[in-house]
Amino acid sequence: MTMANTRPVRGEKAFRRTAAVLILTVLGAGGVLAQDMLSPGLTAGARKPPPQAPQAGLINDYPTVARADYVFGCMAANGQTRQALEKCSCSIDTIATILPYERYEEAETIMSVSQVAGQQAELFRNTGIFRDIVADLHRAQAEAEVTCFY
């Protein structure tokens, strides 16, 4: 079993800022987020060698706290073993090579807000662009699962 919904730890102020930016983007500048739906590097079904960290020289824009939070959540779902630690570390490293941290944080924020009851959260659940951002994260997680867990 892999970790599908880990959330980086961040303060209320950062959370609100990210949510506000997402709302303003959709309401005011929808064309700005008209990016490719499928991140480069996503492949379906290919078997890979044992989990390895990404190659040196790749952009490392994920904060250590976000990576650690993901690994802790992943290990809670997959067991508290050394093997789980290696697979979960590989998983967040793979996600980081596919999805920039800003996009990862947006997706995590959308998923968090969409779990709240009420009409305000309805915007996050029923807006196509928000669903697309979350779908990008799910694609990256699927790639990480194939890369690291099989």
# chains A, B, ... in the order shown; residues from 1 in each chain; ligands from 1

call {"tool": "residues_around", "arguments": {"residues": "Leu123 (chain A)", "least_positions_apart": "2", "cutoff": "10 Å", "atoms": "only C-alpha atoms", "output": "PyMOL selection string"}}
result
chain A and resi 23+26+110+113-114+118-121+125-128+130

call {"tool": "atom_distance", "arguments": {"atom1": "CA of Ser112 (chain A)", "atom2": "CA of Cys74 (chain A)"}}
result
16.9 Å

call {"tool": "residues_around", "arguments": {"residues": "region 79-87 of chain A", "least_positions_apart": "4", "cutoff": "8 Å", "atoms": "only C-alpha atoms", "output": "list in words"}}
result
Pro51, Val71, Cys74, Met75, Ser91, Cys148 and Phe149 of chain A

call {"tool": "atom_distance", "arguments": {"atom1": "CA of Arg103 (chain A)", "atom2": "CA of Asn60 (chain A)"}}
result
13.6 Å

call {"tool": "atom_distance", "arguments": {"atom1": "CA of Glu122 (chain A)", "atom2": "CA of Ala77 (chain A)"}}
result
28.3 Å
